[in-house]
Every structure is written in structure tokens, then in C-alpha cells.
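For reference, the structure is listed below as C-alpha cells.
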Amino acid sequence: MPGWLETFTDYNPLSNLADAARNLVNGGPLAHSVWMTLGWSVLITVVTAPIAVAKFRKKT
């Protein structure tokens, strides 16, 4: 896989979630995948929650 694509997949939230689930089932290392997944979850929530609240208030 090209270098840029490998970098993208290393930090993709779904790839990290899949890695965390796979390592949890197989007994592999969890720390990096879990922290990356939690970080992405917080980041996505911080960015999209204010937008969702503003759109909800505007429609009601």
C-alpha cells in the first residue's frame, strides 16, 4: 500500500476501532488502539455536537 494511504489508515478511527476489537478478542496489545478510538470519539463529538445543537435550536 502507498505510504500516504498507510498513514491514513494508521489514524483512521474505524481502523483503530477494528484493531482494538481484534486485539481484545485475540489478547493483543490494546493501549494505542483504544486511546486512538477514544480520542477520535471525543474529537468528533466536540466538533459535531455544537453544530447539531445549533441546527436543532434553529428548527424549533
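We name chains A, B, ... following the order of the C-alpha cells; residues begin at 1 in each chain, and ligands are numbered from 1 as shown.
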
Test item: residues at most 12 Å from region 25-40 of chain A, only C-alpha atoms, excluding those fewer than 2 positions along its chain, as an mmCIF file with N, CA and C atoms, in the first residue's frame:
```cif
data_model
loop_
_atom_site.group_PDB
_atom_site.id
_atom_site.type_symbol
_atom_site.label_atom_id
_atom_site.label_comp_id
_atom_site.auth_asym_id
_atom_site.auth_seq_id
_atom_site.Cartn_x
_atom_site.Cartn_y
_atom_site.Cartn_z
ATOM 1 N N ASP A 10 -3.498 4.292 9.465
ATOM 2 C CA ASP A 10 -2.982 4.213 10.831
ATOM 3 C C ASP A 10 -3.784 5.092 11.784
ATOM 4 N N TYR A 11 -4.333 6.194 11.289
ATOM 5 C CA TYR A 11 -5.060 7.132 12.145
ATOM 6 C C TYR A 11 -6.553 7.183 11.844
ATOM 7 N N ASN A 12 -7.046 6.297 11.019
ATOM 8 C CA ASN A 12 -8.468 6.227 10.699
ATOM 9 C C ASN A 12 -9.217 5.705 11.925
ATOM 10 N N PRO A 13 -10.302 6.381 12.345
ATOM 11 C CA PRO A 13 -10.987 5.927 13.563
ATOM 12 C C PRO A 13 -11.580 4.523 13.438
ATOM 13 N N LEU A 14 -12.059 4.145 12.289
ATOM 14 C CA LEU A 14 -12.635 2.810 12.141
ATOM 15 C C LEU A 14 -11.564 1.726 12.136
ATOM 16 N N SER A 15 -10.412 2.021 11.582
ATOM 17 C CA SER A 15 -9.314 1.056 11.621
ATOM 18 C C SER A 15 -8.854 0.830 13.060
ATOM 19 N N ASN A 16 -8.780 1.911 13.829
ATOM 20 C CA ASN A 16 -8.371 1.775 15.228
ATOM 21 C C ASN A 16 -9.412 1.025 16.038
ATOM 22 N N LEU A 17 -10.682 1.253 15.757
ATOM 23 C CA LEU A 17 -11.739 0.521 16.451
ATOM 24 C C LEU A 17 -11.669 -0.968 16.117
ATOM 25 N N ALA A 18 -11.457 -1.285 14.862
ATOM 26 C CA ALA A 18 -11.336 -2.686 14.450
ATOM 27 C C ALA A 18 -10.102 -3.327 15.082
ATOM 28 N N ASP A 19 -8.987 -2.597 15.125
ATOM 29 C CA ASP A 19 -7.772 -3.126 15.764
ATOM 30 C C ASP A 19 -7.999 -3.379 17.252
ATOM 31 N N ALA A 20 -8.691 -2.459 17.921
ATOM 32 C CA ALA A 20 -8.955 -2.626 19.350
ATOM 33 C C ALA A 20 -9.836 -3.850 19.593
ATOM 34 N N ALA A 21 -10.872 -4.004 18.790
ATOM 35 C CA ALA A 21 -11.761 -5.161 18.950
ATOM 36 C C ALA A 21 -11.014 -6.460 18.654
ATOM 37 N N ARG A 22 -10.208 -6.472 17.610
ATOM 38 C CA ARG A 22 -9.440 -7.665 17.240
ATOM 39 C C ARG A 22 -8.449 -8.027 18.338
ATOM 40 N N ASN A 23 -7.756 -7.020 18.878
ATOM 41 C CA ASN A 23 -6.779 -7.285 19.933
ATOM 42 C C ASN A 23 -7.452 -7.697 21.235
ATOM 43 N N VAL A 42 -14.010 11.550 21.029
ATOM 44 C CA VAL A 42 -14.119 12.857 21.692
ATOM 45 C C VAL A 42 -14.014 13.975 20.670
ATOM 46 N N LEU A 43 -13.076 13.884 19.757
ATOM 47 C CA LEU A 43 -12.892 14.925 18.744
ATOM 48 C C LEU A 43 -14.135 15.075 17.867
ATOM 49 N N ILE A 44 -14.683 13.976 17.411
ATOM 50 C CA ILE A 44 -15.872 14.027 16.562
ATOM 51 C C ILE A 44 -17.053 14.614 17.335
ATOM 52 N N THR A 45 -17.198 14.245 18.608
ATOM 53 C CA THR A 45 -18.281 14.780 19.424
ATOM 54 C C THR A 45 -18.106 16.281 19.658
ATOM 55 N N VAL A 46 -16.890 16.706 19.957
ATOM 56 C CA VAL A 46 -16.622 18.124 20.214
ATOM 57 C C VAL A 46 -16.915 18.969 18.969
ATOM 58 N N VAL A 47 -16.632 18.443 17.814
ATOM 59 C CA VAL A 47 -16.855 19.191 16.576
ATOM 60 C C VAL A 47 -18.327 19.171 16.163
ATOM 61 N N THR A 48 -18.978 18.023 16.249
ATOM 62 C CA THR A 48 -20.331 17.913 15.697
ATOM 63 C C THR A 48 -21.447 18.260 16.673
#
```

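Between CA of Ala49 (chain A) and CA of Phe8 (chain A) the separation is 24.4 Å.
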